[in-house]
Every structure is written in structure tokens, then in C-alpha cells.
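Single-structure report; data block below.
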Amino acid sequence: MLFRSGDVLRGNVPGKHASELPSQSLHAISDHGILLPYYLHTGDLAPVRMAYPAIINYLKLWKTKDDGLVEARRGNWHWFDHLRNQDKTVMENCWYYAALKAARQMADLVGADGDHDWLDGRITAIEESFDQAFWKPDGYQADTLDERANALAVVFGLAGKDKYPVIRKILNAQENGTPYMEAYVLEALFMMGHADDAFSRMKKRYEGMVAADTTTLWEDFSGVGTRNHAWSGAPLSLLCKYGAGIAPMTPGYETYQVLPQMGPLKHIQTTVPSVKGDIAVELRNEPDVFTMNLTSPEGTTAMVGIPRNTNLASMSITANGVTVWRNGKPDTKVRGIADVKETEHYISFSVKPGSWVFQSE
């Protein structure tokens, strides 16, 4: 919950009531925060319309340097995470960039055309200066080499794919953050296409909590802080969004994707409640056969991705028993399926509502 005082957005922070934690205010504005995810999942634009004027005013409080990168904004607590080895400089620029990008989307949604030039200017300035200021041979850094800062650069799109091999090494080597920022490390691994790394790290980092006698997840991996902390629930959402691959593509689930990254998992079964109805998915990844069972609700279009085989030419895919892909190209038209495409990691299909069984071998 954010409170506005003047043009400052303040958080309701335990022990620091209604204080400004600039990084958390930026987090709330970003597309990983509150308003845009709510709009994407519900289609309800009212909260965005209500909050946008306060958001743009807050972002304009931030000062930038000659190169367009932000100056540190102290607020009441210059906080980014607990624990050690924090590169606050890189993280602050990532969070401000993410908030600017989210505000740019909101400006389009609410018709605030007059803010476009200011937002675009600040976004472009960070994009043009970020690598030059922070990229080193061993990763992004200003204050120290930090897996959280490098993960944010991936998640928010500041890191190009050419940086991924170096960043992957950092994310697999360092374990400095709390569960709050661990969410972004895991998401970055999924986004870079390293599901095996993400699942391995998730299992290792959360092993102590899972093995403990408590039934909740803690504020910190060590047990310091509260024993029931919301920010520790990120793996559940990541397992849904990336493991099962289910996420809305347009507001209110009019279109959504099922692009699984199962990594070492052999079986996933989940039901995602949406404003259009339940989306039920079961995935089986066996040595020679991949199977997806999907129940898709009325009023939706699903973009289904079947993971590509190493040898694409020999891959065949059936939908409800009818061949739809063979010999490296679409084979047969099936009612309810359209837009068959080959991408880097999937053979994808646009799927109408109903019950579907996809199988590839």
C-alpha cells in the first residue's frame, strides 16, 4: 500500500510507518509491482487511471546526472535488500528504468500523451548509458559485483543477450540476497532460458525452509525476521509463469500463453484461476514423448508452445490425435488451431477454447 504526501510515494513499512523507501516505491510502479500486473490479470484500468498522476509526479522528483543515469534518492531509508554485497547504484538505475517503462505503458493506457517525450527521453538516456557506465568483463557493477543487480538488468531488459553467459555465471555463483531479491535471480535464469539452473537454485536456496517444522516461509533464508513473509512466495508464481508457462498476454486473459520450461521436472499439473475461468494444464515430459493437456476457458485464445526437439526435422506433433506438425513444417489444419509458428524454443499454436491434448515425439 502506498501513501502520497505531496509528490512523494511512501510505503507502509513496519517500524517506519508511511516512510519513503525509494526502491520499493519504484518497485510498486514497475510492471513487477502492483498496477500493471493487476490490469493485465483483470482488465480493470480504474486503478491505473487513479494512480497515474501521482506516479508521474513522483518520477519527476528524481534527479539525473549528465549521462542520464539517476542520482541516489535517499528518502527515509535507502534500502534495496537486507544482507550483504549490495550494488545499490546499479539496482537503483534498474528500478528507476523499470518504473519509467511502466509509466510509459500507463501513459498510453490513460491517454497522457503529454508525458511521452519526458518519459521517452529518460528511458533512452538510461539505455544509452547503462552498459558504458556499469558493464565490466565480469558483469554489471558499480559498487560491487552483485547477483541481484545483474538479475535486474536481465529482468527489466537492460542486459543484451550477449551479456547472458557472464551473468549466468554470476547468478549460479552468488547467494547474497534474501527471498525478496531471490525472486529476480530465479526469474532472470528462466528468462535467459536456463530452467535447469533456476530449478537447481530454487531447490538449494529454499531447502532449509522446506525441511523446517514451520508451515510458512520466512523473511530471510537464515530465519532472521518474520516467519511468515509474503515476499518469500515468489517460487510459486515463477513455477506457474515459467515452469508451467502460463501467463496472460493481453488484459483479462483474452489471450494467454502456455510456454513451459520444465527443466528437470517430469510432471506438472496446475489450475490457474482467471477472470475468464479456470485454466487447467497437465504436462508430462518423458524421454521420447512430451504431452500437454489443456482446458482453456471461453472467451480466450491460448498461445500454446510445444518445446522443440533437438532434431526438428524428425519432430511430429499431434493435437487431439490429428497431426499438426511433421517434417519441419505444419502438416494438417485442425479446427480451432491457427498461426502455427516455429520459434527458437517452441513450435507454437494459437488455440481456441476447449479441451486439447498435444503430444510430440
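Letters A, B, ... go to the chains of the C-alpha cells in the order shown; residues in each chain start at 1; ligands are counted from 1 in the same order.
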Who sits within 10 Å of segment 143-151 of chain A, only C-alpha atoms, same chain under 4 positions skipped, as a ChimeraX atom specification: /A:80-81,84-95,134-136,138-139,155-159,163-164,166-178,181-189,191
Strand (DSSP E) positions in segment 25-247 of chain A, given as an MDAnalysis selection string: chainID A and resid 135:136 139:140 246:247
Shell around Leu35 of chain A at 10 Å using only C-alpha atoms, local window under 6 positions removed, as a ChimeraX atom specification: /A:28-29,44-49,51-52,102,106
Nearest to His267 of chain A, chosen from A:Pro53, A:Gly252, A:Gly305, A:Gly243, with only C-alpha atoms counted in the distances: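 Result for the nearest residue to His267 of chain A: A:Gly243.
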Nearest-residue call for Phe199 of chain A, choices A:Cys240, A:Pro264, A:Val258, A:Ala234, using only C-alpha atoms: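 Of all the options, A:Pro264 lies closest to Phe199 of chain A.
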Per-residue DSSP, segment 127-318 of chain A, filtered to helix (DSSP H, G or I), as a VMD selection string: chain A and resid 127 to 134 147 to 155 161 to 173 179 to 191 195 to 211 230 to 243 251 to 253 312 to 314
Distance of atom CA of Met303 of chain A from atom CA of Arg326 of chain A, expressed in Å to one decimal place: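 A separation of 19.2 Å between them.
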Per-residue nearest contacts segment 121-220 of chain A to segment 60-78 of chain A, cut-off 8 Å, using only C-alpha atoms, as CSV:
```
residue,atom,partner,partner_atom,distance
A:Arg122,CA,A:Gly68,CA,6.6
A:Ala125,CA,A:Gly68,CA,4.8
A:Ile126,CA,A:Leu69,CA,5.5
A:Ser129,CA,A:Asp67,CA,6.3
A:Phe130,CA,A:Leu69,CA,7.4
```
Restricted to N, CA and C atoms, what would the selected residues look like written as a PDB file, in the first residue's frame?
```pdb
ATOM      1  N   ARG A 122      14.003  10.077 -20.765  1.00  0.00           N
ATOM      2  CA  ARG A 122      14.706   9.476 -19.625  1.00  0.00           C
ATOM      3  C   ARG A 122      14.988   7.988 -19.874  1.00  0.00           C
ATOM      4  N   ALA A 125      17.928   7.754 -22.308  1.00  0.00           N
ATOM      5  CA  ALA A 125      19.197   8.165 -21.700  1.00  0.00           C
ATOM      6  C   ALA A 125      19.798   7.045 -20.867  1.00  0.00           C
ATOM      7  N   ILE A 126      18.975   6.322 -20.110  1.00  0.00           N
ATOM      8  CA  ILE A 126      19.488   5.208 -19.318  1.00  0.00           C
ATOM      9  C   ILE A 126      19.954   4.084 -20.230  1.00  0.00           C
ATOM     10  N   SER A 129      23.371   4.831 -21.674  1.00  0.00           N
ATOM     11  CA  SER A 129      24.498   4.997 -20.752  1.00  0.00           C
ATOM     12  C   SER A 129      24.773   3.786 -19.874  1.00  0.00           C
ATOM     13  N   PHE A 130      23.807   2.899 -19.758  1.00  0.00           N
ATOM     14  CA  PHE A 130      23.877   1.829 -18.760  1.00  0.00           C
ATOM     15  C   PHE A 130      25.102   0.930 -18.957  1.00  0.00           C
TER      16      PHE A 130
END
```
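Distances here use only C-alpha atoms; by that measure, the residue among A:Tyr140, A:Tyr96, A:Phe290, A:Phe190 closest to Lys266 of chain A is A:Phe290.
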Residue nearest Val351 of chain A - candidates A:Glu219, A:Asp288, A:Glu282, A:Glu254, atoms counted: only C-alpha atoms: A:Glu254
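The closest residue to Ala247 of chain A, picked from A:Ala302, A:Ser30, A:His82, A:Thr226 and counting only C-alpha atoms, is A:Ala302.
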Which of A:Gly193, A:Pro235, A:Gly321, A:Gly354 sits closest to Lys161 of chain A [using only C-alpha atoms]: A:Gly193
Pairwise distance for atom CA of Ala313 of chain A and atom CA of Trp325 of chain A, rounded to one decimal in Å: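 We find that atom CA of Ala313 of chain A and atom CA of Trp325 of chain A lie 10.0 Å from each other.
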Separation of atom CA of Met192 of chain A from atom CA of Trp79 of chain A, in Å and rounded to one decimal: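 Separating atom CA of Met192 of chain A from atom CA of Trp79 of chain A is a distance of 27.1 Å.
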Polymer residues at most 9 Å from segment 328-338 of chain A, only C-alpha atoms, same-chain spacing of 5 or more positions, as a ChimeraX atom specification: /A:312-316,319,322-323,349-354
Using N, CA, C and O atoms, can you write the selected residues to a file as an mmCIF file, in the first residue's frame?
```cif
data_model
loop_
_atom_site.group_PDB
_atom_site.id
_atom_site.type_symbol
_atom_site.label_atom_id
_atom_site.label_comp_id
_atom_site.auth_asym_id
_atom_site.auth_seq_id
_atom_site.Cartn_x
_atom_site.Cartn_y
_atom_site.Cartn_z
ATOM 1 N N LEU A 312 14.699 -31.034 -35.174
ATOM 2 C CA LEU A 312 13.380 -30.520 -35.551
ATOM 3 C C LEU A 312 12.795 -31.257 -36.747
ATOM 4 O O LEU A 312 11.584 -31.468 -36.841
ATOM 5 N N ALA A 313 13.651 -31.692 -37.662
ATOM 6 C CA ALA A 313 13.161 -32.330 -38.893
ATOM 7 C C ALA A 313 12.405 -33.620 -38.605
ATOM 8 O O ALA A 313 11.500 -33.999 -39.354
ATOM 9 N N SER A 314 12.774 -34.302 -37.505
ATOM 10 C CA SER A 314 12.112 -35.572 -37.190
ATOM 11 C C SER A 314 10.975 -35.409 -36.191
ATOM 12 O O SER A 314 10.335 -36.397 -35.827
ATOM 13 N N MET A 315 10.699 -34.195 -35.776
ATOM 14 C CA MET A 315 9.686 -33.954 -34.749
ATOM 15 C C MET A 315 8.285 -34.003 -35.347
ATOM 16 O O MET A 315 8.018 -33.418 -36.396
ATOM 17 N N SER A 316 7.384 -34.683 -34.661
ATOM 18 C CA SER A 316 5.982 -34.683 -35.068
ATOM 19 C C SER A 316 5.118 -34.299 -33.877
ATOM 20 O O SER A 316 5.428 -34.653 -32.728
ATOM 21 N N ALA A 319 -2.477 -32.856 -32.291
ATOM 22 C CA ALA A 319 -3.439 -32.130 -31.462
ATOM 23 C C ALA A 319 -4.743 -32.900 -31.492
ATOM 24 O O ALA A 319 -5.332 -33.081 -32.573
ATOM 25 N N VAL A 322 -4.710 -35.609 -34.122
ATOM 26 C CA VAL A 322 -4.509 -35.264 -35.533
ATOM 27 C C VAL A 322 -3.147 -34.599 -35.694
ATOM 28 O O VAL A 322 -2.797 -33.683 -34.947
ATOM 29 N N THR A 323 -2.377 -35.012 -36.679
ATOM 30 C CA THR A 323 -1.045 -34.448 -36.897
ATOM 31 C C THR A 323 -1.145 -32.998 -37.330
ATOM 32 O O THR A 323 -1.890 -32.652 -38.252
ATOM 33 N N PHE A 349 1.196 -22.642 -31.346
ATOM 34 C CA PHE A 349 -0.119 -22.696 -31.972
ATOM 35 C C PHE A 349 -1.048 -21.721 -31.261
ATOM 36 O O PHE A 349 -1.006 -21.583 -30.039
ATOM 37 N N SER A 350 -1.891 -21.051 -32.018
ATOM 38 C CA SER A 350 -2.975 -20.251 -31.463
ATOM 39 C C SER A 350 -4.190 -21.153 -31.325
ATOM 40 O O SER A 350 -4.649 -21.746 -32.306
ATOM 41 N N VAL A 351 -4.727 -21.280 -30.103
ATOM 42 C CA VAL A 351 -5.707 -22.312 -29.783
ATOM 43 C C VAL A 351 -6.987 -21.689 -29.245
ATOM 44 O O VAL A 351 -6.957 -20.840 -28.347
ATOM 45 N N LYS A 352 -8.110 -22.113 -29.779
ATOM 46 C CA LYS A 352 -9.423 -21.650 -29.322
ATOM 47 C C LYS A 352 -9.827 -22.373 -28.036
ATOM 48 O O LYS A 352 -9.222 -23.372 -27.654
ATOM 49 N N PRO A 353 -10.893 -21.896 -27.347
ATOM 50 C CA PRO A 353 -11.331 -22.548 -26.103
ATOM 51 C C PRO A 353 -11.693 -24.007 -26.303
ATOM 52 O O PRO A 353 -12.103 -24.421 -27.398
ATOM 53 N N GLY A 354 -11.551 -24.772 -25.225
ATOM 54 C CA GLY A 354 -11.914 -26.166 -25.261
ATOM 55 C C GLY A 354 -10.875 -27.038 -24.621
ATOM 56 O O GLY A 354 -9.955 -26.557 -23.929
#
```
